[in-house]
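Chemist: Just passing along the structure, written as structure tokens.
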Amino acid sequence: MNVKLVNQYIRDSGLKLGYIAKQLGITYVALHNKMKGKHPFTLQELTVLRDLLKLDDDQWNSLLG
């Protein structure tokens with residue numbers, strides 16, 4: 001998974017990290033650690049992110065690499 005691309009999509013979305021973390025059911029710190037590559041995103045979290053960030057199929061495929 002391309003963590004840099006996840007970060008870019010999150011930044012480009014304009015959504016607040018606290019809001020995203022809440023939607024994922026994790027803490028802000030847990031989201032931050034996942035964005036830094038310290039812990040992997042689960043498939044369920046990625047699926048929620050896809051919906052939140054409104055990623056199309058090409059973006060999704062490039063994210064998963």
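Residues in the structure tokens are numbered from 1 in each chain, the chains being A, B, ... in the order shown, and ligands are numbered from 1 in the order shown.
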Using only C-alpha atoms, which protein or nucleic acid residues come within 10 Å of A:Tyr9? Drop anything in the same chain fewer than 3 positions from it, and give the result as an mmCIF file with N, CA, C and O atoms, in the first residue's frame.
Modeler:
data_model
loop_
_atom_site.group_PDB
_atom_site.id
_atom_site.type_symbol
_atom_site.label_atom_id
_atom_site.label_comp_id
_atom_site.auth_asym_id
_atom_site.auth_seq_id
_atom_site.Cartn_x
_atom_site.Cartn_y
_atom_site.Cartn_z
ATOM 1 N N VAL A 3 1.553 4.540 1.280
ATOM 2 C CA VAL A 3 1.205 5.419 2.403
ATOM 3 C C VAL A 3 1.293 6.885 1.991
ATOM 4 O O VAL A 3 0.468 7.702 2.404
ATOM 5 N N LYS A 4 2.268 7.230 1.167
ATOM 6 C CA LYS A 4 2.395 8.624 0.716
ATOM 7 C C LYS A 4 1.157 9.052 -0.064
ATOM 8 O O LYS A 4 0.693 10.177 0.079
ATOM 9 N N LEU A 5 0.632 8.156 -0.857
ATOM 10 C CA LEU A 5 -0.562 8.469 -1.628
ATOM 11 C C LEU A 5 -1.782 8.610 -0.719
ATOM 12 O O LEU A 5 -2.612 9.494 -0.935
ATOM 13 N N VAL A 6 -1.873 7.775 0.310
ATOM 14 C CA VAL A 6 -2.955 7.915 1.294
ATOM 15 C C VAL A 6 -2.894 9.309 1.908
ATOM 16 O O VAL A 6 -3.903 10.014 1.994
ATOM 17 N N ASP A 12 -5.645 16.351 0.286
ATOM 18 C CA ASP A 12 -6.424 16.933 -0.806
ATOM 19 C C ASP A 12 -7.918 16.973 -0.506
ATOM 20 O O ASP A 12 -8.631 17.807 -1.051
ATOM 21 N N SER A 13 -8.381 16.083 0.365
ATOM 22 C CA SER A 13 -9.816 16.021 0.668
ATOM 23 C C SER A 13 -10.303 17.220 1.464
ATOM 24 O O SER A 13 -11.470 17.582 1.392
ATOM 25 N N GLY A 14 -9.409 17.818 2.249
ATOM 26 C CA GLY A 14 -9.804 18.935 3.093
ATOM 27 C C GLY A 14 -10.491 18.501 4.385
ATOM 28 O O GLY A 14 -10.874 19.335 5.197
ATOM 29 N N LEU A 15 -10.642 17.189 4.570
ATOM 30 C CA LEU A 15 -11.272 16.681 5.791
ATOM 31 C C LEU A 15 -10.285 16.761 6.953
ATOM 32 O O LEU A 15 -9.075 16.600 6.771
ATOM 33 N N LEU A 49 -12.069 4.756 4.140
ATOM 34 C CA LEU A 49 -11.332 5.887 3.568
ATOM 35 C C LEU A 49 -11.728 6.119 2.114
ATOM 36 O O LEU A 49 -11.872 7.257 1.679
ATOM 37 N N ARG A 50 -11.884 5.027 1.373
ATOM 38 C CA ARG A 50 -12.274 5.162 -0.033
ATOM 39 C C ARG A 50 -13.587 5.919 -0.148
ATOM 40 O O ARG A 50 -13.735 6.813 -0.990
ATOM 41 N N LEU A 53 -13.085 9.707 1.097
ATOM 42 C CA LEU A 53 -12.272 10.519 0.189
ATOM 43 C C LEU A 53 -12.814 10.517 -1.234
ATOM 44 O O LEU A 53 -12.286 11.210 -2.097
ATOM 45 N N LYS A 54 -13.855 9.722 -1.460
ATOM 46 C CA LYS A 54 -14.505 9.634 -2.774
ATOM 47 C C LYS A 54 -13.499 9.276 -3.864
ATOM 48 O O LYS A 54 -13.397 9.944 -4.893
ATOM 49 N N LEU A 55 -12.740 8.198 -3.602
ATOM 50 C CA LEU A 55 -11.726 7.765 -4.553
ATOM 51 C C LEU A 55 -12.362 6.958 -5.678
ATOM 52 O O LEU A 55 -13.211 6.098 -5.430
ATOM 53 N N GLN A 59 -7.773 5.671 -8.659
ATOM 54 C CA GLN A 59 -7.121 6.136 -7.437
ATOM 55 C C GLN A 59 -6.997 4.989 -6.435
ATOM 56 O O GLN A 59 -5.962 4.820 -5.796
ATOM 57 N N LEU A 63 -3.572 3.342 -5.024
ATOM 58 C CA LEU A 63 -3.356 3.345 -3.577
ATOM 59 C C LEU A 63 -2.896 1.966 -3.092
ATOM 60 O O LEU A 63 -1.970 1.857 -2.309
#
Chemist: List the spatial neighbours of stretch 37-47 of chain A as a PyMOL selection string - criterion: any atom at most 9 Å away, only C-alpha atoms, same-chain residues fewer than 6 positions off excluded.
Modeler: chain A and resi 1+3-4+23-25+30-31
Chemist: Write out as a PDB file with C-alpha atoms, in the first residue's frame which residues come within 8 Å of A:Tyr28 when counting only C-alpha atoms, dropping same-chain ones fewer than 4 positions away.
Modeler:
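Listing of result07.pdb after writing:
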ATOM      1  CA  LEU A  17      -7.896  14.179  10.685  1.00  0.00           C
ATOM      2  CA  GLY A  18     -10.019  14.001  13.833  1.00  0.00           C
ATOM      3  CA  ALA A  21     -10.215   9.005  12.708  1.00  0.00           C
ATOM      4  CA  LYS A  22     -13.708   9.053  14.215  1.00  0.00           C
ATOM      5  CA  HIS A  32      -1.359   9.579  12.616  1.00  0.00           C
TER       6      HIS A  32
END
Chemist: Would you compute the distance between atom CA of A:Trp60 and atom CA of A:Val48? Give it in Å to one decimal.
Modeler: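 About the pair atom CA of A:Trp60 and atom CA of A:Val48: they are 11.8 Å apart.
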Chemist: Please return, as a CSV table (one decimal) with N, CA, C and O atoms, in the first residue's frame, all residues of chain A that DSSP assigns to alpha helix (DSSP H) on the basis of the backbone.
Modeler:
chain,number,residue,atom,x,y,z
A,3,VAL,N,1.6,4.5,1.3
A,3,VAL,CA,1.2,5.4,2.4
A,3,VAL,C,1.3,6.9,2.0
A,3,VAL,O,0.5,7.7,2.4
A,4,LYS,N,2.3,7.2,1.2
A,4,LYS,CA,2.4,8.6,0.7
A,4,LYS,C,1.2,9.1,-0.1
A,4,LYS,O,0.7,10.2,0.1
A,5,LEU,N,0.6,8.2,-0.9
A,5,LEU,CA,-0.6,8.5,-1.6
A,5,LEU,C,-1.8,8.6,-0.7
A,5,LEU,O,-2.6,9.5,-0.9
A,6,VAL,N,-1.9,7.8,0.3
A,6,VAL,CA,-3.0,7.9,1.3
A,6,VAL,C,-2.9,9.3,1.9
A,6,VAL,O,-3.9,10.0,2.0
A,7,ASN,N,-1.7,9.7,2.3
A,7,ASN,CA,-1.5,11.0,2.9
A,7,ASN,C,-1.9,12.1,2.0
A,7,ASN,O,-2.6,13.1,2.4
A,8,GLN,N,-1.6,12.0,0.7
A,8,GLN,CA,-1.9,13.0,-0.3
A,8,GLN,C,-3.4,13.1,-0.5
A,8,GLN,O,-4.0,14.2,-0.5
A,9,TYR,N,-4.1,12.0,-0.6
A,9,TYR,CA,-5.5,12.0,-0.8
A,9,TYR,C,-6.2,12.6,0.4
A,9,TYR,O,-7.2,13.3,0.3
A,10,ILE,N,-5.7,12.3,1.6
A,10,ILE,CA,-6.3,12.9,2.8
A,10,ILE,C,-6.1,14.4,2.8
A,10,ILE,O,-7.1,15.1,3.1
A,11,ARG,N,-4.9,14.8,2.6
A,11,ARG,CA,-4.7,16.3,2.5
A,11,ARG,C,-5.6,17.0,1.5
A,11,ARG,O,-6.1,18.0,1.7
A,12,ASP,N,-5.6,16.4,0.3
A,12,ASP,CA,-6.4,16.9,-0.8
A,12,ASP,C,-7.9,17.0,-0.5
A,12,ASP,O,-8.6,17.8,-1.1
A,13,SER,N,-8.4,16.1,0.4
A,13,SER,CA,-9.8,16.0,0.7
A,13,SER,C,-10.3,17.2,1.5
A,13,SER,O,-11.5,17.6,1.4
A,17,LEU,N,-8.4,15.5,10.3
A,17,LEU,CA,-7.9,14.2,10.7
A,17,LEU,C,-8.7,13.6,11.8
A,17,LEU,O,-9.0,12.4,11.9
A,18,GLY,N,-9.2,14.5,12.7
A,18,GLY,CA,-10.0,14.0,13.8
A,18,GLY,C,-11.3,13.4,13.3
A,18,GLY,O,-11.8,12.4,13.8
A,19,TYR,N,-11.9,14.0,12.3
A,19,TYR,CA,-13.1,13.5,11.7
A,19,TYR,C,-12.9,12.2,11.0
A,19,TYR,O,-13.7,11.2,11.2
A,20,ILE,N,-11.8,12.1,10.3
A,20,ILE,CA,-11.5,10.8,9.6
A,20,ILE,C,-11.2,9.7,10.6
A,20,ILE,O,-11.8,8.6,10.5
A,21,ALA,N,-10.5,10.0,11.7
A,21,ALA,CA,-10.2,9.0,12.7
A,21,ALA,C,-11.5,8.5,13.3
A,21,ALA,O,-11.7,7.3,13.5
A,22,LYS,N,-12.4,9.4,13.6
A,22,LYS,CA,-13.7,9.1,14.2
A,22,LYS,C,-14.5,8.1,13.3
A,22,LYS,O,-15.1,7.1,13.7
A,23,GLN,N,-14.5,8.5,12.0
A,23,GLN,CA,-15.2,7.6,11.0
A,23,GLN,C,-14.6,6.2,10.9
A,23,GLN,O,-15.3,5.3,10.6
A,24,LEU,N,-13.3,6.2,11.1
A,24,LEU,CA,-12.6,4.9,11.0
A,24,LEU,C,-12.7,4.1,12.3
A,24,LEU,O,-12.4,2.9,12.4
A,28,TYR,N,-7.1,9.7,17.0
A,28,TYR,CA,-6.3,10.6,16.1
A,28,TYR,C,-4.9,10.1,16.1
A,28,TYR,O,-4.2,10.0,15.0
A,29,VAL,N,-4.3,9.7,17.2
A,29,VAL,CA,-2.9,9.2,17.3
A,29,VAL,C,-2.8,7.9,16.5
A,29,VAL,O,-1.8,7.8,15.7
A,30,ALA,N,-3.7,7.0,16.5
A,30,ALA,CA,-3.7,5.8,15.7
A,30,ALA,C,-3.7,6.1,14.2
A,30,ALA,O,-2.9,5.5,13.4
A,31,LEU,N,-4.5,7.1,13.8
A,31,LEU,CA,-4.5,7.5,12.4
A,31,LEU,C,-3.2,8.1,12.0
A,31,LEU,O,-2.6,7.8,11.0
A,32,HIS,N,-2.7,8.9,12.9
A,32,HIS,CA,-1.4,9.6,12.6
A,32,HIS,C,-0.3,8.5,12.4
A,32,HIS,O,0.5,8.6,11.5
A,33,ASN,N,-0.3,7.5,13.3
A,33,ASN,CA,0.7,6.4,13.2
A,33,ASN,C,0.6,5.6,11.9
A,33,ASN,O,1.5,5.3,11.2
A,34,LYS,N,-0.7,5.4,11.5
A,34,LYS,CA,-0.9,4.7,10.2
A,34,LYS,C,-0.5,5.6,9.0
A,34,LYS,O,0.1,5.1,8.1
A,35,MET,N,-0.7,6.9,9.1
A,35,MET,CA,-0.3,7.8,8.0
A,35,MET,C,1.3,7.9,7.9
A,35,MET,O,1.8,8.2,6.9
A,43,LEU,N,-8.0,-3.5,5.9
A,43,LEU,CA,-8.9,-3.4,4.7
A,43,LEU,C,-10.2,-2.7,4.9
A,43,LEU,O,-10.6,-1.8,4.1
A,44,GLN,N,-10.7,-2.9,6.1
A,44,GLN,CA,-12.0,-2.2,6.5
A,44,GLN,C,-11.7,-0.7,6.6
A,44,GLN,O,-12.5,0.1,6.1
A,45,GLU,N,-10.6,-0.3,7.2
A,45,GLU,CA,-10.3,1.1,7.3
A,45,GLU,C,-10.1,1.7,5.9
A,45,GLU,O,-10.6,2.9,5.6
A,46,LEU,N,-9.4,1.0,5.0
A,46,LEU,CA,-9.2,1.5,3.7
A,46,LEU,C,-10.5,1.7,2.9
A,46,LEU,O,-10.7,2.6,2.1
A,47,THR,N,-11.4,0.7,3.1
A,47,THR,CA,-12.7,0.8,2.5
A,47,THR,C,-13.5,2.1,2.9
A,47,THR,O,-14.1,2.8,2.1
A,48,VAL,N,-13.4,2.3,4.2
A,48,VAL,CA,-14.1,3.5,4.8
A,48,VAL,C,-13.4,4.8,4.2
A,48,VAL,O,-14.1,5.7,3.8
A,49,LEU,N,-12.1,4.8,4.1
A,49,LEU,CA,-11.3,5.9,3.6
A,49,LEU,C,-11.7,6.1,2.1
A,49,LEU,O,-11.9,7.3,1.7
A,50,ARG,N,-11.9,5.0,1.4
A,50,ARG,CA,-12.3,5.2,0.0
A,50,ARG,C,-13.6,5.9,-0.1
A,50,ARG,O,-13.7,6.8,-1.0
A,51,ASP,N,-14.5,5.6,0.7
A,51,ASP,CA,-15.8,6.3,0.7
A,51,ASP,C,-15.7,7.7,1.1
A,51,ASP,O,-16.3,8.6,0.5
A,52,LEU,N,-15.0,7.9,2.2
A,52,LEU,CA,-14.8,9.3,2.7
A,52,LEU,C,-14.1,10.2,1.7
A,52,LEU,O,-14.5,11.4,1.6
A,53,LEU,N,-13.1,9.7,1.1
A,53,LEU,CA,-12.3,10.5,0.2
A,53,LEU,C,-12.8,10.5,-1.2
A,53,LEU,O,-12.3,11.2,-2.1
A,57,ASP,N,-12.0,4.3,-9.1
A,57,ASP,CA,-11.3,3.0,-9.2
A,57,ASP,C,-9.8,3.1,-9.5
A,57,ASP,O,-9.0,2.4,-9.0
A,58,ASP,N,-9.4,4.1,-10.3
A,58,ASP,CA,-8.0,4.3,-10.7
A,58,ASP,C,-7.2,4.7,-9.4
A,58,ASP,O,-6.1,4.3,-9.2
A,59,GLN,N,-7.8,5.7,-8.7
A,59,GLN,CA,-7.1,6.1,-7.4
A,59,GLN,C,-7.0,5.0,-6.4
A,59,GLN,O,-6.0,4.8,-5.8
A,60,TRP,N,-8.1,4.2,-6.3
A,60,TRP,CA,-8.1,3.1,-5.4
A,60,TRP,C,-7.0,2.1,-5.8
A,60,TRP,O,-6.2,1.6,-4.9
A,61,ASN,N,-6.9,1.7,-7.0
A,61,ASN,CA,-5.9,0.8,-7.5
A,61,ASN,C,-4.5,1.3,-7.3
A,61,ASN,O,-3.6,0.5,-6.9
A,62,SER,N,-4.3,2.6,-7.5
A,62,SER,CA,-2.9,3.1,-7.3
A,62,SER,C,-2.6,3.2,-5.9
A,62,SER,O,-1.4,3.0,-5.5
A,63,LEU,N,-3.6,3.3,-5.0
A,63,LEU,CA,-3.4,3.3,-3.6
A,63,LEU,C,-2.9,2.0,-3.1
A,63,LEU,O,-2.0,1.9,-2.3
A,64,LEU,N,-3.6,0.9,-3.6
A,64,LEU,CA,-3.2,-0.4,-3.2
A,64,LEU,C,-2.0,-1.0,-3.9
A,64,LEU,O,-1.4,-1.9,-3.4
